[in-house]
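> Sharing run_22.tsv, TSV, N, CA, C and O atoms:
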chain	number	residue	atom	x	y	z
A	1	MET	N	-8.79	-14.89	6.78
A	1	MET	CA	-9.45	-13.76	6.19
A	1	MET	C	-8.40	-12.80	5.63
A	1	MET	O	-7.38	-12.55	6.24
A	2	ALA	N	-8.69	-12.23	4.47
A	2	ALA	CA	-7.80	-11.25	3.86
A	2	ALA	C	-7.82	-9.95	4.64
A	2	ALA	O	-8.76	-9.67	5.38
A	3	GLY	N	-6.82	-9.14	4.43
A	3	GLY	CA	-6.78	-7.83	5.04
A	3	GLY	C	-7.77	-6.90	4.39
A	3	GLY	O	-8.50	-7.28	3.47
A	4	TYR	N	-7.80	-5.66	4.85
A	4	TYR	CA	-8.75	-4.69	4.33
A	4	TYR	C	-8.22	-3.28	4.49
A	4	TYR	O	-7.23	-3.04	5.19
A	5	PHE	N	-8.89	-2.35	3.82
A	5	PHE	CA	-8.55	-0.94	3.88
A	5	PHE	C	-9.66	-0.21	4.64
A	5	PHE	O	-10.83	-0.54	4.52
A	6	GLU	N	-9.27	0.79	5.41
A	6	GLU	CA	-10.22	1.67	6.09
A	6	GLU	C	-9.99	3.09	5.63
A	6	GLU	O	-8.84	3.53	5.50
A	7	LEU	N	-11.05	3.81	5.37
A	7	LEU	CA	-10.99	5.22	5.05
A	7	LEU	C	-11.27	5.97	6.34
A	7	LEU	O	-12.30	5.75	6.98
A	8	VAL	N	-10.34	6.84	6.76
A	8	VAL	CA	-10.50	7.57	8.03
A	8	VAL	C	-10.24	9.06	7.80
A	8	VAL	O	-9.56	9.45	6.85
A	9	ASP	N	-10.79	9.89	8.68
A	9	ASP	CA	-10.52	11.32	8.63
A	9	ASP	C	-9.07	11.57	9.02
A	9	ASP	O	-8.56	10.98	9.98
A	10	ALA	N	-8.41	12.45	8.29
A	10	ALA	CA	-7.04	12.85	8.64
A	10	ALA	C	-7.11	13.98	9.67
A	10	ALA	O	-8.01	14.82	9.59
A	11	PRO	N	-6.20	14.03	10.61
A	11	PRO	CA	-6.25	15.06	11.64
A	11	PRO	C	-6.12	16.48	11.09
A	11	PRO	O	-6.63	17.42	11.67
A	12	ASP	N	-5.45	16.61	9.95
A	12	ASP	CA	-5.24	17.93	9.36
A	12	ASP	C	-6.22	18.23	8.23
A	12	ASP	O	-6.01	19.13	7.43
A	13	GLY	N	-7.31	17.47	8.16
A	13	GLY	CA	-8.30	17.63	7.09
A	13	GLY	C	-8.06	16.61	5.99
A	13	GLY	O	-6.97	16.10	5.84
A	14	GLY	N	-9.07	16.29	5.26
A	14	GLY	CA	-8.95	15.29	4.22
A	14	GLY	C	-9.13	13.89	4.78
A	14	GLY	O	-9.75	13.70	5.85
A	15	TYR	N	-8.58	12.92	4.06
A	15	TYR	CA	-8.79	11.51	4.42
A	15	TYR	C	-7.49	10.74	4.30
A	15	TYR	O	-6.60	11.09	3.53
A	16	ARG	N	-7.40	9.69	5.06
A	16	ARG	CA	-6.27	8.76	4.98
A	16	ARG	C	-6.81	7.35	4.82
A	16	ARG	O	-7.95	7.06	5.17
A	17	ILE	N	-5.95	6.48	4.33
A	17	ILE	CA	-6.28	5.06	4.19
A	17	ILE	C	-5.41	4.30	5.19
A	17	ILE	O	-4.22	4.56	5.30
A	18	ARG	N	-6.04	3.42	5.91
A	18	ARG	CA	-5.29	2.50	6.77
A	18	ARG	C	-5.41	1.11	6.17
A	18	ARG	O	-6.50	0.69	5.81
A	19	MET	N	-4.30	0.40	6.05
A	19	MET	CA	-4.32	-0.97	5.58
A	19	MET	C	-4.11	-1.87	6.80
A	19	MET	O	-3.15	-1.69	7.55
A	20	LEU	N	-5.04	-2.81	6.99
A	20	LEU	CA	-4.97	-3.71	8.14
A	20	LEU	C	-4.92	-5.15	7.65
A	20	LEU	O	-5.48	-5.47	6.59
A	21	ASP	N	-4.26	-6.00	8.43
A	21	ASP	CA	-4.24	-7.41	8.05
A	21	ASP	C	-5.54	-8.07	8.49
A	21	ASP	O	-6.42	-7.42	9.06
A	22	GLY	N	-5.69	-9.36	8.23
A	22	GLY	CA	-6.92	-10.06	8.53
A	22	GLY	C	-7.30	-10.06	10.00
A	22	GLY	O	-8.47	-10.15	10.35
A	23	ALA	N	-6.31	-9.91	10.88
A	23	ALA	CA	-6.58	-9.87	12.32
A	23	ALA	C	-6.85	-8.45	12.82
A	23	ALA	O	-7.11	-8.24	14.00
A	24	GLY	N	-6.77	-7.46	11.91
A	24	GLY	CA	-7.02	-6.09	12.30
A	24	GLY	C	-5.79	-5.31	12.73
A	24	GLY	O	-5.91	-4.17	13.18
A	25	ALA	N	-4.60	-5.90	12.58
A	25	ALA	CA	-3.37	-5.20	12.94
A	25	ALA	C	-2.99	-4.21	11.84
A	25	ALA	O	-3.07	-4.53	10.64
A	26	LEU	N	-2.59	-3.02	12.23
A	26	LEU	CA	-2.22	-1.97	11.29
A	26	LEU	C	-0.96	-2.35	10.52
A	26	LEU	O	0.05	-2.73	11.11
A	27	MET	N	-1.04	-2.26	9.20
A	27	MET	CA	0.09	-2.57	8.33
A	27	MET	C	0.70	-1.30	7.74
A	27	MET	O	1.91	-1.20	7.59
A	28	ALA	N	-0.13	-0.32	7.38
A	28	ALA	CA	0.35	0.91	6.75
A	28	ALA	C	-0.70	2.00	6.87
A	28	ALA	O	-1.88	1.72	6.99
A	29	VAL	N	-0.22	3.25	6.80
A	29	VAL	CA	-1.10	4.42	6.79
A	29	VAL	C	-0.68	5.27	5.60
A	29	VAL	O	0.51	5.49	5.37
A	30	SER	N	-1.64	5.78	4.86
A	30	SER	CA	-1.36	6.54	3.65
A	30	SER	C	-1.04	8.00	3.94
A	30	SER	O	-1.18	8.49	5.06
A	31	VAL	N	-0.70	8.68	2.88
A	31	VAL	CA	-0.62	10.13	2.89
A	31	VAL	C	-2.04	10.67	3.02
A	31	VAL	O	-3.00	9.91	2.93
A	32	THR	N	-2.18	11.97	3.19
A	32	THR	CA	-3.51	12.59	3.26
A	32	THR	C	-4.02	12.87	1.86
A	32	THR	O	-3.31	13.40	1.02
A	33	PHE	N	-5.26	12.47	1.62
A	33	PHE	CA	-5.94	12.72	0.35
A	33	PHE	C	-6.96	13.83	0.58
A	33	PHE	O	-7.61	13.87	1.61
A	34	PRO	N	-7.14	14.71	-0.40
A	34	PRO	CA	-8.07	15.83	-0.21
A	34	PRO	C	-9.54	15.43	-0.24
A	34	PRO	O	-10.36	16.10	0.39
A	35	THR	N	-9.87	14.37	-0.96
A	35	THR	CA	-11.27	13.96	-1.09
A	35	THR	C	-11.39	12.44	-0.91
A	35	THR	O	-10.41	11.71	-1.03
A	36	LYS	N	-12.62	11.99	-0.66
A	36	LYS	CA	-12.86	10.55	-0.57
A	36	LYS	C	-12.59	9.88	-1.91
A	36	LYS	O	-12.04	8.78	-1.96
A	37	ARG	N	-12.96	10.54	-2.98
A	37	ARG	CA	-12.73	9.98	-4.32
A	37	ARG	C	-11.23	9.75	-4.55
A	37	ARG	O	-10.81	8.72	-5.07
A	38	ALA	N	-10.40	10.71	-4.14
A	38	ALA	CA	-8.95	10.56	-4.27
A	38	ALA	C	-8.44	9.42	-3.40
A	38	ALA	O	-7.54	8.67	-3.79
A	39	ALA	N	-9.00	9.27	-2.20
A	39	ALA	CA	-8.59	8.19	-1.31
A	39	ALA	C	-8.94	6.82	-1.89
A	39	ALA	O	-8.15	5.88	-1.83
A	40	VAL	N	-10.11	6.71	-2.49
A	40	VAL	CA	-10.51	5.45	-3.12
A	40	VAL	C	-9.58	5.14	-4.29
A	40	VAL	O	-9.17	3.99	-4.49
A	41	ALA	N	-9.19	6.16	-5.06
A	41	ALA	CA	-8.22	5.96	-6.13
A	41	ALA	C	-6.88	5.51	-5.55
A	41	ALA	O	-6.17	4.69	-6.14
A	42	GLY	N	-6.53	6.02	-4.37
A	42	GLY	CA	-5.30	5.60	-3.70
A	42	GLY	C	-5.34	4.13	-3.30
A	42	GLY	O	-4.33	3.43	-3.37
A	43	VAL	N	-6.50	3.64	-2.90
A	43	VAL	CA	-6.65	2.20	-2.58
A	43	VAL	C	-6.39	1.38	-3.84
A	43	VAL	O	-5.67	0.39	-3.80
A	44	ALA	N	-6.97	1.79	-4.96
A	44	ALA	CA	-6.76	1.06	-6.22
A	44	ALA	C	-5.28	1.04	-6.58
A	44	ALA	O	-4.74	0.01	-7.00
A	45	GLN	N	-4.61	2.15	-6.38
A	45	GLN	CA	-3.19	2.23	-6.69
A	45	GLN	C	-2.37	1.36	-5.73
A	45	GLN	O	-1.43	0.68	-6.14
A	46	ALA	N	-2.74	1.34	-4.46
A	46	ALA	CA	-2.04	0.50	-3.48
A	46	ALA	C	-2.18	-0.98	-3.84
A	46	ALA	O	-1.24	-1.76	-3.71
A	47	ARG	N	-3.37	-1.38	-4.29
A	47	ARG	CA	-3.58	-2.76	-4.70
A	47	ARG	C	-2.68	-3.12	-5.87
A	47	ARG	O	-2.10	-4.21	-5.91
A	48	GLU	N	-2.55	-2.21	-6.82
A	48	GLU	CA	-1.68	-2.46	-7.97
A	48	GLU	C	-0.22	-2.58	-7.53
A	48	GLU	O	0.49	-3.48	-7.95
A	49	ILE	N	0.22	-1.66	-6.70
A	49	ILE	CA	1.61	-1.69	-6.24
A	49	ILE	C	1.88	-2.95	-5.44
A	49	ILE	O	2.91	-3.61	-5.62
A	50	ALA	N	0.96	-3.32	-4.55
A	50	ALA	CA	1.16	-4.51	-3.72
A	50	ALA	C	1.25	-5.77	-4.58
A	50	ALA	O	1.98	-6.70	-4.25
A	51	GLY	N	0.51	-5.80	-5.69
A	51	GLY	CA	0.50	-6.99	-6.53
A	51	GLY	C	1.66	-7.09	-7.49
A	51	GLY	O	2.02	-8.18	-7.91
A	52	THR	N	2.26	-5.95	-7.86
A	52	THR	CA	3.28	-5.99	-8.90
A	52	THR	C	4.56	-5.26	-8.55
A	52	THR	O	5.55	-5.37	-9.27
A	53	GLY	N	4.57	-4.47	-7.50
A	53	GLY	CA	5.72	-3.63	-7.18
A	53	GLY	C	6.92	-4.42	-6.67
A	53	GLY	O	6.79	-5.44	-6.00
A	54	LEU	N	8.11	-3.93	-7.04
A	54	LEU	CA	9.35	-4.50	-6.53
A	54	LEU	C	9.58	-4.02	-5.10
A	54	LEU	O	9.03	-3.00	-4.68
A	55	ILE	N	10.42	-4.72	-4.39
A	55	ILE	CA	10.81	-4.32	-3.04
A	55	ILE	C	12.19	-3.68	-3.14
A	55	ILE	O	13.11	-4.28	-3.69
A	56	ARG	N	12.32	-2.47	-2.66
A	56	ARG	CA	13.62	-1.79	-2.64
A	56	ARG	C	14.08	-1.72	-1.19
A	56	ARG	O	13.41	-1.14	-0.35
A	57	ASP	N	15.22	-2.30	-0.92
A	57	ASP	CA	15.76	-2.34	0.43
A	57	ASP	C	16.53	-1.05	0.70
A	57	ASP	O	17.64	-0.86	0.22
A	58	ARG	N	15.95	-0.15	1.46
A	58	ARG	CA	16.57	1.13	1.82
A	58	ARG	C	17.07	1.12	3.27
A	58	ARG	O	17.41	2.16	3.82
A	59	SER	N	17.11	-0.06	3.86
A	59	SER	CA	17.56	-0.17	5.25
A	59	SER	C	19.08	-0.08	5.33
A	59	SER	O	19.78	-0.23	4.32
A	60	ALA	N	19.59	0.17	6.53
A	60	ALA	CA	21.04	0.21	6.74
A	60	ALA	C	21.63	-1.14	6.34
A	60	ALA	O	21.13	-2.19	6.74
A	61	GLY	N	22.64	-1.12	5.51
A	61	GLY	CA	23.27	-2.35	5.06
A	61	GLY	C	22.47	-3.05	3.97
A	61	GLY	O	22.82	-4.15	3.56
A	62	GLY	N	21.42	-2.43	3.50
A	62	GLY	CA	20.59	-3.04	2.47
A	62	GLY	C	21.21	-2.91	1.10
A	62	GLY	O	22.19	-2.20	0.89
A	63	GLN	N	20.64	-3.61	0.17
A	63	GLN	CA	21.10	-3.56	-1.21
A	63	GLN	C	20.58	-2.29	-1.87
A	63	GLN	O	19.50	-1.84	-1.59
A	64	SER	N	21.36	-1.74	-2.78
A	64	SER	CA	20.88	-0.56	-3.49
A	64	SER	C	20.05	-0.95	-4.70
A	64	SER	O	19.27	-0.17	-5.21
A	65	ALA	N	20.22	-2.19	-5.17
A	65	ALA	CA	19.45	-2.66	-6.33
A	65	ALA	C	18.08	-3.16	-5.88
A	65	ALA	O	17.91	-3.58	-4.74
A	66	PRO	N	17.11	-3.10	-6.79
A	66	PRO	CA	15.77	-3.62	-6.43
A	66	PRO	C	15.83	-5.10	-6.10
A	66	PRO	O	16.60	-5.85	-6.69
A	67	VAL	N	15.03	-5.49	-5.15
A	67	VAL	CA	14.91	-6.89	-4.77
A	67	VAL	C	13.64	-7.40	-5.44
A	67	VAL	O	12.59	-6.78	-5.32
A	68	GLY	N	13.73	-8.51	-6.11
A	68	GLY	CA	12.55	-9.06	-6.79
A	68	GLY	C	11.53	-9.56	-5.80
A	68	GLY	O	11.74	-9.53	-4.59
A	69	PRO	N	10.40	-10.02	-6.30
A	69	PRO	CA	9.36	-10.56	-5.41
A	69	PRO	C	9.93	-11.70	-4.58
A	69	PRO	O	10.72	-12.49	-5.07
A	70	LEU	N	9.53	-11.74	-3.32
A	70	LEU	CA	10.02	-12.79	-2.43
A	70	LEU	C	9.58	-14.16	-2.92
A	70	LEU	O	10.33	-15.10	-2.89
A	71	ALA	N	8.35	-14.25	-3.34
A	71	ALA	CA	7.82	-15.50	-3.90
A	71	ALA	C	6.49	-15.18	-4.54
A	71	ALA	O	5.74	-14.35	-4.05
A	72	ARG	N	6.18	-15.84	-5.58
A	72	ARG	CA	4.85	-15.70	-6.18
A	72	ARG	C	3.88	-16.48	-5.32
A	72	ARG	O	4.13	-17.64	-4.99
A	73	VAL	N	2.81	-15.85	-4.94
A	73	VAL	CA	1.84	-16.48	-4.05
A	73	VAL	C	0.54	-16.69	-4.82
A	73	VAL	O	0.07	-15.81	-5.52
A	74	ASN	N	-0.04	-17.87	-4.67
A	74	ASN	CA	-1.34	-18.14	-5.27
A	74	ASN	C	-2.37	-17.37	-4.46
A	74	ASN	O	-2.64	-17.69	-3.31
A	75	ARG	N	-2.96	-16.35	-5.05
A	75	ARG	CA	-3.88	-15.47	-4.32
A	75	ARG	C	-5.11	-16.20	-3.81
A	75	ARG	O	-5.71	-15.80	-2.85
A	76	ARG	N	-5.50	-17.26	-4.46
A	76	ARG	CA	-6.70	-17.99	-4.01
A	76	ARG	C	-6.48	-18.67	-2.67
A	76	ARG	O	-7.38	-18.82	-1.90
A	77	THR	N	-5.24	-19.04	-2.39
A	77	THR	CA	-4.98	-19.73	-1.13
A	77	THR	C	-4.33	-18.83	-0.10
A	77	THR	O	-4.35	-19.13	1.08
A	78	ALA	N	-3.76	-17.70	-0.53
A	78	ALA	CA	-3.03	-16.86	0.41
A	78	ALA	C	-3.82	-15.66	0.90
A	78	ALA	O	-3.33	-14.89	1.69
A	79	GLY	N	-5.01	-15.45	0.41
A	79	GLY	CA	-5.81	-14.36	0.93
A	79	GLY	C	-5.78	-13.09	0.10
A	79	GLY	O	-6.28	-12.08	0.52
A	80	GLY	N	-5.17	-13.11	-1.06
A	80	GLY	CA	-5.26	-11.97	-1.96
A	80	GLY	C	-4.13	-10.98	-1.84
A	80	GLY	O	-3.19	-11.15	-1.08
A	81	ALA	N	-4.24	-9.94	-2.63
A	81	ALA	CA	-3.21	-8.91	-2.68
A	81	ALA	C	-3.26	-8.07	-1.42
A	81	ALA	O	-4.24	-8.07	-0.69
A	82	GLY	N	-2.23	-7.30	-1.21
A	82	GLY	CA	-2.20	-6.41	-0.06
A	82	GLY	C	-1.54	-7.02	1.15
A	82	GLY	O	-1.39	-6.38	2.16
A	83	ARG	N	-1.11	-8.28	1.05
A	83	ARG	CA	-0.49	-8.92	2.20
A	83	ARG	C	1.01	-9.05	2.02
A	83	ARG	O	1.69	-9.59	2.87
A	84	GLY	N	1.53	-8.58	0.90
A	84	GLY	CA	2.95	-8.70	0.62
A	84	GLY	C	3.78	-7.72	1.41
A	84	GLY	O	3.29	-6.79	2.02
A	85	ALA	N	5.09	-7.92	1.36
A	85	ALA	CA	6.02	-7.09	2.12
A	85	ALA	C	6.22	-5.71	1.51
A	85	ALA	O	6.78	-4.85	2.14
A	86	SER	N	5.76	-5.49	0.28
A	86	SER	CA	6.05	-4.23	-0.38
A	86	SER	C	5.39	-3.04	0.30
A	86	SER	O	5.88	-1.94	0.20
A	87	LEU	N	4.29	-3.23	1.02
A	87	LEU	CA	3.65	-2.12	1.71
A	87	LEU	C	3.74	-2.26	3.22
A	87	LEU	O	3.37	-1.36	3.94
A	88	SER	N	4.22	-3.35	3.70
A	88	SER	CA	4.24	-3.61	5.12
A	88	SER	C	5.06	-2.57	5.87
A	88	SER	O	6.23	-2.37	5.59
A	89	GLY	N	4.42	-1.89	6.80
A	89	GLY	CA	5.11	-0.92	7.63
A	89	GLY	C	5.45	0.37	6.91
A	89	GLY	O	6.08	1.24	7.48
A	90	GLY	N	5.08	0.52	5.68
A	90	GLY	CA	5.43	1.71	4.92
A	90	GLY	C	4.25	2.63	4.76
A	90	GLY	O	3.28	2.55	5.49
A	91	SER	N	4.36	3.51	3.81
A	91	SER	CA	3.28	4.44	3.51
A	91	SER	C	2.67	4.10	2.18
A	91	SER	O	3.36	3.75	1.25
A	92	LEU	N	1.40	4.25	2.06
A	92	LEU	CA	0.74	4.17	0.77
A	92	LEU	C	0.90	5.55	0.16
A	92	LEU	O	0.83	6.55	0.84
A	93	ALA	N	1.11	5.60	-1.13
A	93	ALA	CA	1.32	6.90	-1.77
A	93	ALA	C	0.32	7.10	-2.88
A	93	ALA	O	-0.25	6.16	-3.39
A	94	ALA	N	0.13	8.35	-3.25
A	94	ALA	CA	-0.80	8.65	-4.33
A	94	ALA	C	-0.14	9.58	-5.33
A	94	ALA	O	0.88	10.18	-5.05
A	95	GLY	N	-0.75	9.69	-6.47
A	95	GLY	CA	-0.31	10.65	-7.46
A	95	GLY	C	1.04	10.33	-8.05
A	95	GLY	O	1.43	9.19	-8.19
A	96	LYS	N	1.78	11.38	-8.37
A	96	LYS	CA	3.06	11.22	-9.06
A	96	LYS	C	4.07	10.45	-8.23
A	96	LYS	O	4.86	9.71	-8.77
A	97	ARG	N	4.04	10.61	-6.90
A	97	ARG	CA	5.00	9.89	-6.05
A	97	ARG	C	4.85	8.39	-6.20
A	97	ARG	O	5.82	7.67	-6.25
A	98	ALA	N	3.63	7.92	-6.29
A	98	ALA	CA	3.40	6.48	-6.38
A	98	ALA	C	3.79	5.96	-7.76
A	98	ALA	O	4.20	4.82	-7.89
A	99	ARG	N	3.65	6.80	-8.78
A	99	ARG	CA	4.00	6.34	-10.13
A	99	ARG	C	5.49	6.38	-10.36
A	99	ARG	O	6.00	5.73	-11.25
A	100	ALA	N	6.22	7.16	-9.60
A	100	ALA	CA	7.68	7.23	-9.77
A	100	ALA	C	8.31	5.93	-9.32
A	100	ALA	O	7.87	5.31	-8.37
A	101	HIS	N	9.30	5.50	-10.02
A	101	HIS	CA	10.00	4.27	-9.66
A	101	HIS	C	11.28	4.65	-8.95
A	101	HIS	O	12.31	4.89	-9.57
A	102	TYR	N	11.18	4.75	-7.63
A	102	TYR	CA	12.37	5.13	-6.86
A	102	TYR	C	12.72	4.12	-5.85
A	102	TYR	O	12.21	3.12	-5.66
Produce C-alpha coordinates that represent the structure in this file.

Amino acid sequence: MAGYFELVDAPDGGYRIRMLDGAGALMAVSVTFPTKRAAVAGVAQAREIAGTGLIRDRSAGGQSAPVGPLARVNRRTAGGAGRGASLSGGSLAAGKRARAHY
(Lines of atoms letter the chains of each structure in order from A and count residues from 1; the text may use other names and numbers.)
(Lines give C-alpha, C1' and ligand atoms only; values in the text may rest on other atoms or scores of the structure.)
Protein backbone atom coordinates (compact mmCIF):
# COMPACT_ATOMS: atom_id res chain seq x y z
CA MET A 1 0.00 0.00 0.00
CA ALA A 2 1.20 3.52 -0.80
CA GLY A 3 1.81 6.07 1.90
CA TYR A 4 -0.60 8.86 2.71
CA PHE A 5 -0.92 12.37 4.11
CA GLU A 6 -2.83 13.35 7.25
CA LEU A 7 -4.11 16.83 8.00
CA VAL A 8 -3.82 17.52 11.75
CA ASP A 9 -4.31 20.48 14.07
CA ALA A 10 -1.07 22.29 14.90
CA PRO A 11 -0.46 22.89 18.62
CA ASP A 12 0.06 26.61 18.01
CA GLY A 13 -3.02 27.00 15.79
CA GLY A 14 -3.47 26.25 12.13
CA TYR A 15 -2.80 22.89 10.51
CA ARG A 16 0.09 20.58 9.76
CA ILE A 17 0.54 17.74 7.31
CA ARG A 18 1.97 14.43 8.38
CA MET A 19 3.35 12.11 5.70
CA LEU A 20 3.17 8.43 6.63
CA ASP A 21 4.39 5.35 4.80
CA GLY A 22 2.11 2.45 3.89
CA ALA A 23 2.58 0.86 7.32
CA GLY A 24 1.63 4.10 9.10
CA ALA A 25 5.16 5.06 10.18
CA LEU A 26 5.79 8.81 10.30
CA MET A 27 8.04 10.02 7.48
CA ALA A 28 7.77 13.83 7.75
CA VAL A 29 5.86 16.66 9.42
CA SER A 30 5.19 19.96 7.67
CA VAL A 31 5.42 23.55 8.73
CA THR A 32 2.24 25.11 10.15
CA PHE A 33 -0.30 26.27 7.59
CA PRO A 34 -2.86 28.95 8.53
CA THR A 35 -5.81 27.30 6.77
CA LYS A 36 -6.91 23.87 5.56
CA ARG A 37 -6.85 25.17 2.00
CA ALA A 38 -3.20 26.18 2.41
CA ALA A 39 -2.39 22.76 3.90
CA VAL A 40 -4.01 20.98 0.95
CA ALA A 41 -1.93 23.16 -1.39
CA GLY A 42 1.11 22.10 0.66
CA VAL A 43 0.27 18.43 -0.02
CA ALA A 44 0.17 19.15 -3.76
CA GLN A 45 3.53 20.88 -3.52
CA ALA A 46 5.03 18.01 -1.49
CA ARG A 47 3.88 15.54 -4.16
CA GLU A 48 5.59 17.62 -6.84
CA ILE A 49 8.82 17.92 -4.86
CA ALA A 50 8.85 14.21 -4.01
CA GLY A 51 8.41 13.30 -7.67
CA THR A 52 10.93 15.68 -9.20
CA GLY A 53 13.11 17.24 -6.50
CA LEU A 54 16.84 16.68 -6.25
CA ILE A 55 18.42 15.37 -3.05
CA ARG A 56 20.87 17.76 -1.42
CA ASP A 57 23.19 16.13 1.07
CA ARG A 58 23.59 18.59 3.97
CA SER A 59 24.89 15.97 6.39
CA ALA A 60 28.34 16.07 7.98
CA GLY A 61 30.82 14.95 5.34
CA GLY A 62 28.16 15.21 2.66
CA GLN A 63 28.58 16.58 -0.80
CA SER A 64 27.86 20.24 -1.38
CA ALA A 65 26.61 19.57 -4.92
CA PRO A 66 23.09 18.28 -5.56
CA VAL A 67 22.75 14.53 -5.69
CA GLY A 68 20.62 13.28 -8.56
CA PRO A 69 17.72 10.88 -8.15
CA LEU A 70 18.79 7.62 -6.58
CA ALA A 71 16.91 5.66 -9.22
CA ARG A 72 13.90 6.17 -11.40
CA VAL A 73 11.11 4.06 -9.98
CA ASN A 74 8.14 2.76 -11.93
CA ARG A 75 5.30 4.28 -9.89
CA ARG A 76 2.86 1.56 -10.90
CA THR A 77 4.92 -1.09 -9.15
CA ALA A 78 6.53 0.94 -6.38
CA GLY A 79 3.46 2.48 -4.81
CA GLY A 80 3.57 6.01 -6.19
CA ALA A 81 5.16 9.29 -5.31
CA GLY A 82 5.94 10.36 -1.79
CA ARG A 83 8.06 7.33 -0.95
CA GLY A 84 11.37 8.75 -2.14
CA ALA A 85 14.25 9.86 0.03
CA SER A 86 13.80 13.53 -0.80
CA LEU A 87 11.23 14.04 1.97
CA SER A 88 12.15 11.21 4.28
CA GLY A 89 12.76 12.47 7.79
CA GLY A 90 12.61 16.09 6.66
CA SER A 91 10.06 18.83 6.67
CA LEU A 92 7.47 19.56 4.07
CA ALA A 93 7.57 23.22 3.16
CA ALA A 94 5.13 25.66 1.68
CA GLY A 95 5.22 28.96 -0.11
CA LYS A 96 8.41 30.67 -1.15
CA ARG A 97 10.63 28.36 0.91
CA ALA A 98 9.49 25.33 -1.04
CA ARG A 99 9.95 27.08 -4.39
CA ALA A 100 13.49 28.18 -3.55
CA HIS A 101 16.19 25.88 -4.80
CA TYR A 102 18.54 25.62 -1.87
> How many Å lie between atom C of Lys36 of chain A and atom CA of Leu7 of chain A, rounded to one decimal?
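About the pair atom C of Lys36 of chain A and atom CA of Leu7 of chain A: they are 8.5 Å apart.
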> Between atom CA of Gly3 of chain A and atom CA of Met27 of chain A, what is the distance in Å, rounded to a tenth?
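Atom CA of Met27 of chain A lies at a distance of 9.3 Å from atom CA of Gly3 of chain A.
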> Have a look at A:Ile17, A:Gly61, A:Pro11, A:Leu54 and name the one nearest to Val40 of chain A; count all atoms listed in the file.
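The closest residue to Val40 of chain A is A:Ile17.
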> With a distance cut-off of 4.5 Å and only N, CA, C and O atoms, select the neighbouring residues of Arg16 of chain A, excluding the residue or stretch itself and same-chain residues fewer than 4 positions from it, and output the selection as a VMD selection string.
chain A and resid 6 to 8 10 31
> My list of candidates is A:Ser59, A:Gly51, A:Asp9, A:Tyr4. Which is closest to Leu26 of chain A when distances are computed with only N, CA, C and O atoms?
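Closest to Leu26 of chain A, using only N, CA, C and O atoms: A:Tyr4.
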> Give me, please, the distance in Å between atom CA of Thr32 of chain A and atom CA of Gly13 of chain A, quoted to one decimal.
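Result for atom CA of Thr32 of chain A versus atom CA of Gly13 of chain A: 7.9 Å, one decimal.
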> Could you tell me which of A:Arg58, A:Ala41, A:Ala2, A:Ala50 comes closest to Gly22 of chain A if we count only N, CA, C and O atoms?
A:Ala2
